[in-house]
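*Asks:* Structure file model-v1.txt, compact mmCIF, N, CA and C atoms, is pasted below:
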```txt
# COMPACT_ATOMS: atom_id res chain seq x y z
N MET A 1 -88.83 112.50 148.50
CA MET A 1 -87.41 112.75 148.65
C MET A 1 -86.91 113.51 147.44
N ASN A 2 -86.18 114.56 147.67
CA ASN A 2 -85.64 115.38 146.61
C ASN A 2 -84.26 114.85 146.23
N ILE A 3 -84.13 114.35 144.99
CA ILE A 3 -82.86 113.75 144.60
C ILE A 3 -81.76 114.78 144.42
N ARG A 4 -82.11 116.04 144.29
CA ARG A 4 -81.08 117.07 144.14
C ARG A 4 -80.23 117.21 145.40
N ARG A 5 -80.77 116.81 146.52
CA ARG A 5 -80.05 116.95 147.79
C ARG A 5 -79.08 115.81 148.06
N LEU A 6 -79.17 114.73 147.30
CA LEU A 6 -78.25 113.62 147.52
C LEU A 6 -76.85 114.02 147.06
N PRO A 7 -75.89 113.94 147.95
CA PRO A 7 -74.53 114.31 147.55
C PRO A 7 -73.92 113.23 146.65
N VAL A 8 -73.25 113.68 145.62
CA VAL A 8 -72.62 112.77 144.67
C VAL A 8 -71.60 111.86 145.35
N PRO A 9 -70.80 112.34 146.31
CA PRO A 9 -69.85 111.40 146.95
C PRO A 9 -70.53 110.21 147.63
N VAL A 10 -71.71 110.42 148.21
CA VAL A 10 -72.43 109.30 148.85
C VAL A 10 -72.83 108.29 147.79
N LEU A 11 -73.32 108.76 146.66
CA LEU A 11 -73.71 107.85 145.58
C LEU A 11 -72.49 107.15 145.00
N ARG A 12 -71.39 107.88 144.90
CA ARG A 12 -70.15 107.28 144.37
C ARG A 12 -69.69 106.14 145.28
N TRP A 13 -69.69 106.37 146.60
CA TRP A 13 -69.25 105.35 147.55
C TRP A 13 -70.23 104.18 147.58
N ALA A 14 -71.52 104.45 147.54
CA ALA A 14 -72.51 103.38 147.57
C ALA A 14 -72.41 102.51 146.31
N THR A 15 -72.22 103.15 145.18
CA THR A 15 -72.07 102.40 143.93
C THR A 15 -70.83 101.54 143.98
N ALA A 16 -69.72 102.12 144.42
CA ALA A 16 -68.47 101.35 144.51
C ALA A 16 -68.61 100.19 145.49
N ALA A 17 -69.33 100.40 146.59
CA ALA A 17 -69.51 99.34 147.58
C ALA A 17 -70.31 98.17 147.02
N THR A 18 -71.40 98.47 146.34
CA THR A 18 -72.21 97.38 145.79
C THR A 18 -71.49 96.68 144.65
N LEU A 19 -70.74 97.44 143.87
CA LEU A 19 -69.97 96.85 142.77
C LEU A 19 -68.87 95.94 143.33
N ALA A 20 -68.16 96.40 144.34
CA ALA A 20 -67.12 95.58 144.98
C ALA A 20 -67.74 94.38 145.69
N GLY A 21 -68.92 94.56 146.28
CA GLY A 21 -69.61 93.44 146.92
C GLY A 21 -69.93 92.33 145.93
N GLY A 22 -70.44 92.71 144.77
CA GLY A 22 -70.70 91.73 143.72
C GLY A 22 -69.41 91.07 143.25
N GLY A 23 -68.35 91.86 143.16
CA GLY A 23 -67.05 91.30 142.78
C GLY A 23 -66.53 90.31 143.80
N TYR A 24 -66.71 90.63 145.08
CA TYR A 24 -66.27 89.72 146.14
C TYR A 24 -67.02 88.40 146.07
N ILE A 25 -68.31 88.46 145.84
CA ILE A 25 -69.11 87.23 145.75
C ILE A 25 -68.64 86.38 144.59
N HIS A 26 -68.37 87.02 143.44
CA HIS A 26 -67.89 86.26 142.28
C HIS A 26 -66.50 85.67 142.53
N ALA A 27 -65.64 86.42 143.22
CA ALA A 27 -64.31 85.89 143.55
C ALA A 27 -64.42 84.70 144.50
N GLN A 28 -65.30 84.82 145.48
CA GLN A 28 -65.50 83.72 146.43
C GLN A 28 -66.03 82.48 145.71
N LEU A 29 -67.00 82.67 144.84
CA LEU A 29 -67.55 81.54 144.09
C LEU A 29 -66.51 80.92 143.17
N TYR A 30 -65.66 81.77 142.58
CA TYR A 30 -64.59 81.24 141.74
C TYR A 30 -63.67 80.35 142.56
N LEU A 31 -63.23 80.83 143.71
CA LEU A 31 -62.30 80.06 144.54
C LEU A 31 -62.93 78.81 145.13
N ASP A 32 -64.18 78.90 145.55
CA ASP A 32 -64.83 77.78 146.23
C ASP A 32 -65.40 76.72 145.30
N GLU A 33 -65.95 77.13 144.16
CA GLU A 33 -66.72 76.17 143.37
C GLU A 33 -66.45 76.19 141.87
N TYR A 34 -66.21 77.34 141.29
CA TYR A 34 -66.29 77.44 139.83
C TYR A 34 -64.94 77.49 139.10
N ARG A 35 -63.85 77.47 139.81
CA ARG A 35 -62.57 77.62 139.11
C ARG A 35 -62.28 76.45 138.18
N PHE A 36 -62.89 75.31 138.41
CA PHE A 36 -62.63 74.15 137.57
C PHE A 36 -63.71 73.94 136.50
N VAL A 37 -64.69 74.82 136.45
CA VAL A 37 -65.75 74.72 135.43
C VAL A 37 -65.24 75.42 134.17
N HIS A 38 -65.17 74.66 133.08
CA HIS A 38 -64.62 75.17 131.83
C HIS A 38 -65.37 76.42 131.36
N LEU A 39 -64.64 77.46 131.05
CA LEU A 39 -65.11 78.77 130.59
C LEU A 39 -65.89 79.57 131.63
N ILE A 40 -66.66 78.91 132.46
CA ILE A 40 -67.45 79.63 133.47
C ILE A 40 -66.54 80.15 134.57
N GLY A 41 -65.61 79.33 135.01
CA GLY A 41 -64.68 79.75 136.06
C GLY A 41 -63.93 81.02 135.70
N PRO A 42 -63.26 81.05 134.52
CA PRO A 42 -62.59 82.29 134.14
C PRO A 42 -63.53 83.49 134.00
N MET A 43 -64.77 83.26 133.63
CA MET A 43 -65.72 84.37 133.53
C MET A 43 -66.05 84.93 134.92
N PHE A 44 -66.12 84.06 135.93
CA PHE A 44 -66.33 84.53 137.30
C PHE A 44 -65.13 85.36 137.75
N LEU A 45 -63.93 84.91 137.42
CA LEU A 45 -62.73 85.64 137.79
C LEU A 45 -62.68 87.00 137.06
N LEU A 46 -63.05 87.02 135.80
CA LEU A 46 -63.10 88.27 135.03
C LEU A 46 -64.13 89.22 135.63
N GLN A 47 -65.28 88.70 135.99
CA GLN A 47 -66.33 89.53 136.61
C GLN A 47 -65.82 90.14 137.90
N ALA A 48 -65.17 89.34 138.74
CA ALA A 48 -64.65 89.85 140.01
C ALA A 48 -63.58 90.91 139.76
N SER A 49 -62.67 90.64 138.85
CA SER A 49 -61.58 91.60 138.57
C SER A 49 -62.12 92.92 138.04
N ALA A 50 -63.05 92.85 137.10
CA ALA A 50 -63.62 94.07 136.54
C ALA A 50 -64.39 94.85 137.61
N SER A 51 -65.11 94.13 138.46
CA SER A 51 -65.87 94.81 139.52
C SER A 51 -64.94 95.53 140.48
N PHE A 52 -63.86 94.87 140.92
CA PHE A 52 -62.91 95.49 141.84
C PHE A 52 -62.22 96.69 141.19
N ALA A 53 -61.81 96.54 139.94
CA ALA A 53 -61.11 97.63 139.25
C ALA A 53 -62.03 98.84 139.08
N LEU A 54 -63.25 98.62 138.65
CA LEU A 54 -64.18 99.73 138.46
C LEU A 54 -64.57 100.37 139.78
N ALA A 55 -64.71 99.57 140.84
CA ALA A 55 -65.03 100.14 142.15
C ALA A 55 -63.89 101.05 142.61
N ALA A 56 -62.66 100.62 142.40
CA ALA A 56 -61.51 101.46 142.78
C ALA A 56 -61.48 102.74 141.96
N LEU A 57 -61.76 102.65 140.66
CA LEU A 57 -61.77 103.85 139.83
C LEU A 57 -62.90 104.79 140.21
N LEU A 58 -64.03 104.24 140.60
CA LEU A 58 -65.14 105.09 141.04
C LEU A 58 -64.77 105.87 142.30
N LEU A 59 -64.02 105.23 143.19
CA LEU A 59 -63.62 105.89 144.43
C LEU A 59 -62.52 106.92 144.24
N TRP A 60 -61.81 106.80 143.16
CA TRP A 60 -60.69 107.69 142.90
C TRP A 60 -61.14 109.14 142.73
N GLY A 61 -62.27 109.34 142.16
CA GLY A 61 -62.80 110.69 141.95
C GLY A 61 -64.10 110.61 141.19
N THR A 62 -64.67 111.75 140.92
CA THR A 62 -65.92 111.76 140.18
C THR A 62 -65.63 111.29 138.76
N PRO A 63 -66.17 110.14 138.41
CA PRO A 63 -65.81 109.54 137.12
C PRO A 63 -66.60 110.12 135.95
N PRO A 64 -66.03 110.02 134.78
CA PRO A 64 -66.78 110.43 133.59
C PRO A 64 -67.90 109.43 133.31
N VAL A 65 -68.75 109.83 132.42
CA VAL A 65 -69.92 109.01 132.10
C VAL A 65 -69.50 107.64 131.56
N LEU A 66 -68.37 107.55 130.88
CA LEU A 66 -67.93 106.27 130.32
C LEU A 66 -67.61 105.27 131.43
N LEU A 67 -67.03 105.73 132.53
CA LEU A 67 -66.73 104.83 133.64
C LEU A 67 -68.01 104.36 134.33
N ARG A 68 -68.96 105.25 134.47
CA ARG A 68 -70.25 104.84 135.05
C ARG A 68 -70.97 103.86 134.13
N ALA A 69 -70.85 104.07 132.83
CA ALA A 69 -71.45 103.14 131.87
C ALA A 69 -70.77 101.78 131.94
N ALA A 70 -69.47 101.75 132.14
CA ALA A 70 -68.76 100.48 132.28
C ALA A 70 -69.21 99.75 133.54
N ALA A 71 -69.41 100.48 134.62
CA ALA A 71 -69.90 99.87 135.85
C ALA A 71 -71.29 99.28 135.64
N ALA A 72 -72.14 100.01 134.92
CA ALA A 72 -73.47 99.48 134.61
C ALA A 72 -73.37 98.24 133.72
N GLY A 73 -72.44 98.25 132.79
CA GLY A 73 -72.25 97.10 131.92
C GLY A 73 -71.82 95.86 132.68
N VAL A 74 -70.93 96.03 133.66
CA VAL A 74 -70.49 94.90 134.48
C VAL A 74 -71.66 94.35 135.29
N ALA A 75 -72.45 95.23 135.88
CA ALA A 75 -73.60 94.77 136.66
C ALA A 75 -74.64 94.09 135.77
N LEU A 76 -74.90 94.68 134.61
CA LEU A 76 -75.85 94.06 133.67
C LEU A 76 -75.33 92.72 133.16
N GLY A 77 -74.03 92.63 132.95
CA GLY A 77 -73.43 91.37 132.51
C GLY A 77 -73.61 90.27 133.54
N ALA A 78 -73.43 90.62 134.80
CA ALA A 78 -73.62 89.63 135.87
C ALA A 78 -75.07 89.18 135.93
N LEU A 79 -75.99 90.14 135.84
CA LEU A 79 -77.42 89.79 135.88
C LEU A 79 -77.82 88.98 134.65
N GLY A 80 -77.28 89.35 133.51
CA GLY A 80 -77.56 88.60 132.28
C GLY A 80 -77.03 87.18 132.34
N GLY A 81 -75.81 87.02 132.86
CA GLY A 81 -75.25 85.70 133.02
C GLY A 81 -76.05 84.85 134.00
N PHE A 82 -76.51 85.48 135.07
CA PHE A 82 -77.35 84.79 136.05
C PHE A 82 -78.63 84.29 135.38
N ALA A 83 -79.30 85.19 134.65
CA ALA A 83 -80.55 84.81 133.98
C ALA A 83 -80.31 83.73 132.94
N ALA A 84 -79.26 83.86 132.16
CA ALA A 84 -78.97 82.87 131.13
C ALA A 84 -78.64 81.51 131.73
N SER A 85 -77.91 81.50 132.84
CA SER A 85 -77.54 80.21 133.44
C SER A 85 -78.75 79.48 134.01
N ARG A 86 -79.83 80.19 134.25
CA ARG A 86 -81.03 79.56 134.79
C ARG A 86 -82.08 79.28 133.71
N THR A 87 -81.83 79.74 132.49
CA THR A 87 -82.82 79.50 131.42
C THR A 87 -82.20 78.68 130.29
N VAL A 88 -81.45 79.32 129.43
CA VAL A 88 -80.90 78.64 128.25
C VAL A 88 -79.54 78.01 128.50
N GLY A 89 -78.88 78.41 129.57
CA GLY A 89 -77.55 77.89 129.87
C GLY A 89 -76.46 78.77 129.28
N VAL A 90 -75.29 78.67 129.86
CA VAL A 90 -74.13 79.43 129.39
C VAL A 90 -73.02 78.42 129.10
N PHE A 91 -72.70 78.25 127.82
CA PHE A 91 -71.69 77.28 127.40
C PHE A 91 -71.99 75.89 127.96
N GLY A 92 -73.26 75.53 127.97
CA GLY A 92 -73.67 74.22 128.46
C GLY A 92 -73.82 74.13 129.97
N PHE A 93 -73.57 75.22 130.67
CA PHE A 93 -73.66 75.24 132.13
C PHE A 93 -75.00 75.81 132.55
N THR A 94 -75.74 75.07 133.39
CA THR A 94 -77.02 75.57 133.89
C THR A 94 -77.09 75.36 135.40
N GLU A 95 -77.91 76.20 136.02
CA GLU A 95 -78.20 76.09 137.45
C GLU A 95 -79.69 76.30 137.64
N ARG A 96 -80.14 76.06 138.86
CA ARG A 96 -81.56 76.21 139.16
C ARG A 96 -81.74 77.15 140.34
N GLY A 97 -82.78 77.97 140.25
CA GLY A 97 -83.17 78.82 141.37
C GLY A 97 -82.07 79.72 141.89
N LEU A 98 -82.04 79.89 143.19
CA LEU A 98 -81.05 80.77 143.81
C LEU A 98 -79.89 79.96 144.39
N GLN A 99 -79.42 79.02 143.61
CA GLN A 99 -78.25 78.23 144.01
C GLN A 99 -77.03 78.77 143.31
N PRO A 100 -75.91 78.83 143.91
CA PRO A 100 -75.59 78.45 145.28
C PRO A 100 -76.10 79.50 146.27
N ALA A 101 -76.62 79.00 147.36
CA ALA A 101 -77.17 79.88 148.39
C ALA A 101 -76.11 80.16 149.44
N PRO A 102 -76.00 81.31 149.98
CA PRO A 102 -76.79 82.52 149.74
C PRO A 102 -76.17 83.43 148.69
N GLN A 103 -75.06 82.99 148.08
CA GLN A 103 -74.32 83.87 147.16
C GLN A 103 -75.15 84.35 145.98
N ALA A 104 -76.01 83.50 145.45
CA ALA A 104 -76.80 83.91 144.29
C ALA A 104 -77.72 85.07 144.64
N ALA A 105 -78.40 84.98 145.75
CA ALA A 105 -79.31 86.06 146.16
C ALA A 105 -78.53 87.32 146.50
N LEU A 106 -77.40 87.17 147.19
CA LEU A 106 -76.58 88.34 147.53
C LEU A 106 -76.03 89.02 146.28
N SER A 107 -75.64 88.21 145.30
CA SER A 107 -75.14 88.78 144.05
C SER A 107 -76.24 89.54 143.32
N LEU A 108 -77.45 88.98 143.30
CA LEU A 108 -78.58 89.69 142.68
C LEU A 108 -78.82 91.03 143.36
N LEU A 109 -78.76 91.05 144.69
CA LEU A 109 -78.95 92.30 145.42
C LEU A 109 -77.84 93.30 145.13
N ALA A 110 -76.61 92.84 145.10
CA ALA A 110 -75.48 93.73 144.85
C ALA A 110 -75.54 94.33 143.44
N GLU A 111 -75.79 93.50 142.45
CA GLU A 111 -75.81 93.99 141.06
C GLU A 111 -77.01 94.91 140.83
N THR A 112 -78.15 94.57 141.40
CA THR A 112 -79.32 95.44 141.28
C THR A 112 -79.08 96.75 142.01
N GLY A 113 -78.46 96.69 143.18
CA GLY A 113 -78.11 97.90 143.92
C GLY A 113 -77.17 98.80 143.13
N THR A 114 -76.20 98.19 142.48
CA THR A 114 -75.28 98.97 141.64
C THR A 114 -76.04 99.74 140.57
N LEU A 115 -76.94 99.05 139.89
CA LEU A 115 -77.71 99.70 138.83
C LEU A 115 -78.62 100.79 139.39
N LEU A 116 -79.20 100.54 140.55
CA LEU A 116 -80.07 101.53 141.18
C LEU A 116 -79.28 102.78 141.56
N PHE A 117 -78.13 102.59 142.20
CA PHE A 117 -77.31 103.74 142.59
C PHE A 117 -76.81 104.51 141.37
N LEU A 118 -76.44 103.80 140.31
CA LEU A 118 -76.00 104.48 139.09
C LEU A 118 -77.14 105.29 138.46
N ALA A 119 -78.34 104.76 138.49
CA ALA A 119 -79.49 105.48 137.93
C ALA A 119 -79.78 106.74 138.73
N VAL A 120 -79.77 106.63 140.06
CA VAL A 120 -80.01 107.80 140.91
C VAL A 120 -78.90 108.82 140.72
N TRP A 121 -77.66 108.35 140.63
CA TRP A 121 -76.51 109.22 140.41
C TRP A 121 -76.69 110.01 139.13
N GLN A 122 -77.11 109.34 138.06
CA GLN A 122 -77.32 110.02 136.79
C GLN A 122 -78.44 111.05 136.90
N MET A 123 -79.50 110.72 137.62
CA MET A 123 -80.59 111.68 137.80
C MET A 123 -80.12 112.90 138.59
N VAL A 124 -79.30 112.68 139.61
CA VAL A 124 -78.77 113.80 140.40
C VAL A 124 -77.90 114.69 139.52
N LEU A 125 -77.04 114.07 138.73
CA LEU A 125 -76.18 114.87 137.85
C LEU A 125 -77.00 115.65 136.83
N SER A 126 -78.03 115.02 136.30
CA SER A 126 -78.89 115.72 135.34
C SER A 126 -79.62 116.88 136.00
N ALA A 127 -80.08 116.67 137.23
CA ALA A 127 -80.76 117.74 137.95
C ALA A 127 -79.81 118.89 138.25
N HIS A 128 -78.56 118.57 138.60
CA HIS A 128 -77.57 119.61 138.86
C HIS A 128 -77.26 120.40 137.60
N HIS A 129 -77.16 119.69 136.47
CA HIS A 129 -76.87 120.38 135.21
C HIS A 129 -78.02 121.28 134.79
N ARG A 130 -79.25 120.80 135.00
CA ARG A 130 -80.40 121.63 134.64
C ARG A 130 -80.48 122.87 135.50
N SER A 131 -80.20 122.73 136.80
CA SER A 131 -80.30 123.89 137.68
C SER A 131 -79.12 124.83 137.51
N ALA A 132 -78.01 124.35 136.98
CA ALA A 132 -76.83 125.19 136.80
C ALA A 132 -76.91 126.02 135.52
N ARG A 133 -77.73 125.59 134.57
CA ARG A 133 -77.86 126.34 133.32
C ARG A 133 -78.63 127.63 133.57
N PRO A 134 -78.20 128.71 132.92
CA PRO A 134 -78.95 129.96 133.06
C PRO A 134 -80.32 129.82 132.40
N SER A 135 -81.29 130.45 133.01
CA SER A 135 -82.62 130.36 132.43
C SER A 135 -82.68 131.22 131.18
N VAL A 136 -83.39 130.72 130.23
CA VAL A 136 -83.52 131.43 128.96
C VAL A 136 -84.83 132.19 129.02
N THR A 137 -84.74 133.50 128.93
CA THR A 137 -85.95 134.32 128.95
C THR A 137 -86.27 134.72 127.52
N PRO A 138 -87.53 134.73 127.21
CA PRO A 138 -87.89 135.13 125.85
C PRO A 138 -87.53 136.59 125.62
N PRO A 139 -87.17 136.92 124.42
CA PRO A 139 -86.79 138.30 124.14
C PRO A 139 -87.98 139.25 124.33
N VAL A 140 -87.68 140.43 124.81
CA VAL A 140 -88.72 141.43 125.00
C VAL A 140 -89.07 141.99 123.63
N ARG A 141 -90.34 141.94 123.33
CA ARG A 141 -90.78 142.43 122.02
C ARG A 141 -90.89 143.95 122.05
N ASP A 142 -90.77 144.49 120.90
CA ASP A 142 -90.92 145.92 120.75
C ASP A 142 -92.36 146.28 121.07
N ARG A 143 -92.55 147.15 122.04
CA ARG A 143 -93.90 147.50 122.48
C ARG A 143 -94.69 148.19 121.37
N ALA A 144 -94.00 148.93 120.54
CA ALA A 144 -94.71 149.62 119.47
C ALA A 144 -95.25 148.63 118.47
N ALA A 145 -94.49 147.54 118.23
CA ALA A 145 -94.92 146.55 117.25
C ALA A 145 -96.10 145.73 117.77
N THR A 146 -96.19 145.53 119.08
CA THR A 146 -97.27 144.73 119.64
C THR A 146 -98.48 145.55 119.99
N GLY A 147 -98.32 146.85 120.01
CA GLY A 147 -99.44 147.71 120.36
C GLY A 147 -99.63 147.87 121.84
N THR A 148 -98.67 147.49 122.65
CA THR A 148 -98.76 147.64 124.10
C THR A 148 -98.42 149.08 124.47
N PRO A 149 -99.29 149.71 125.24
CA PRO A 149 -99.01 151.10 125.61
C PRO A 149 -97.82 151.18 126.54
N PRO A 150 -97.06 152.25 126.50
CA PRO A 150 -95.91 152.41 127.41
C PRO A 150 -96.38 152.53 128.84
N ASP A 151 -95.47 152.18 129.79
CA ASP A 151 -95.80 152.26 131.23
C ASP A 151 -95.91 153.64 131.71
```
Would it be possible to restate this file's structure as structure tokens?
*Replies:*
Amino acid sequence: MNIRRLPVPVLRWATAATLAGGGYIHAQLYLDEYRFVHLIGPMFLLQASASFALAALLLWGTPPVLLRAAAAGVALGALGGFAASRTVGVFGFTERGLQPAPQAALSLLAETGTLLFLAVWQMVLSAHHRSARPSVTPPVRDRAATGTPPD
């Protein structure tokens, strides 16, 4: 598959969809289970709010690299929090496996999808920039200096 052919609007919409999907899952978990968990509940609400806001900004137009980096940071933060809550704990809060089900697995898919779409988007933009630059041709050397006979 040639990544140069992927249209940026498709990647923009896909990234926003996965980011908003992860935000929706965190909002649902906040409302259903985590709003009363000290410090963790507000972090779920912050994650959902940031995800929704960044998804809306992504849809607004082709975002600058800083906005794409913020979206990656939100997705990485969610994945990092997930990993920490299953290993060392977060503020004394720990969970096991893919609980709560199915939200934990869906959140992992959404956040990983966000990062995947952002990576492909960056590769497409880099490919477009490389192909848009004029090719640099080496300077023609003086034929007399190189000893090349004239045509």
*Asks:* Which protein, DNA or RNA residues are at most 7 Å from (-75.0, 93.2, 140.9) in the file's coordinates when you count only N, CA and C atoms, listed as a list in words?
*Replies:* Thr18, Leu19, Gly22, Val74, Ala75, Leu76, Ala78, Leu79, Leu106, Ser107, Leu108, Leu109, Ala110, Glu111, Thr112, Gly113, Thr114 and Leu115 of chain A
*Asks:* Give the helix (DSSP H, G or I) residues of range 70-134 of chain A, as assigned by DSSP on the backbone, as a ChimeraX atom specification.
*Replies:* /A:70-86,103-132
*Asks:* Considering all atoms listed in the file, state which residue in the set A:Pro7, A:Thr87, A:Arg12, A:Gly21 is at the smallest distance from Phe52 in chain A.
*Replies:* A:Gly21
*Asks:* What is the atom N of Ala17 in chain A to atom N of Pro42 in chain A distance in Å?
*Replies:*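 Pair atom N of Ala17 in chain A / atom N of Pro42 in chain A returns 23.6 Å.
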*Asks:* What's the 6 Å shell around range 23-27 of chain A, counting only C-alpha atoms, without same-chain residues fewer than 2 positions away, as a ChimeraX atom specification?
*Replies:* /A:20-21,29-30,44-45,48,51-52
*Asks:* Report the distance between CA of Leu57 in chain A and CA of Ala70 in chain A in Å, rounded to one decimal place.
*Replies:*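 Taking CA of Leu57 in chain A as the start and CA of Ala70 in chain A as the end point, the length is 10.8 Å.
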*Asks:* In the coordinate frame of the file, compute which residues have an atom within 8 Å of (-70.0, 107.1, 138.5) when using only N, CA and C atoms, and state them as a PyMOL selection string.
*Replies:* chain A and resi 11-12+15-16+57-59+61-69+71+117-118+121-122
*Asks:* Given the choices A:Val10, A:Met43, A:Ala101, A:Ala50, which gets closest to Gly73 in chain A if the distance is worked out from only C-alpha atoms?
*Replies:*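 Looking only at the distances to Gly73 in chain A, the closest residue turns out to be A:Ala50.
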*Asks:* Could you jot down the CA of Ala14 in chain A to CA of Leu116 in chain A separation for me, Å, one decimal place?
*Replies:*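 CA of Ala14 in chain A sits 10.1 Å away from CA of Leu116 in chain A.
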*Asks:* Using only N, CA and C atoms, determine which residues lie at most 7 Å from Phe93 in chain A, disregarding the query and same-chain residues fewer than 6 positions distant; provide the list as a list in words.
*Replies:*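 Surrounding residues, per the criterion: Ala84, Ser85 and Arg86 of chain A.
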*Asks:* Quick one: residues within 8 Å of Val90 in chain A, all atoms listed in the file counted, chain neighbours fewer than 6 positions away excluded, as a ChimeraX atom specification?
*Replies:* /A:39-40,81,83-84
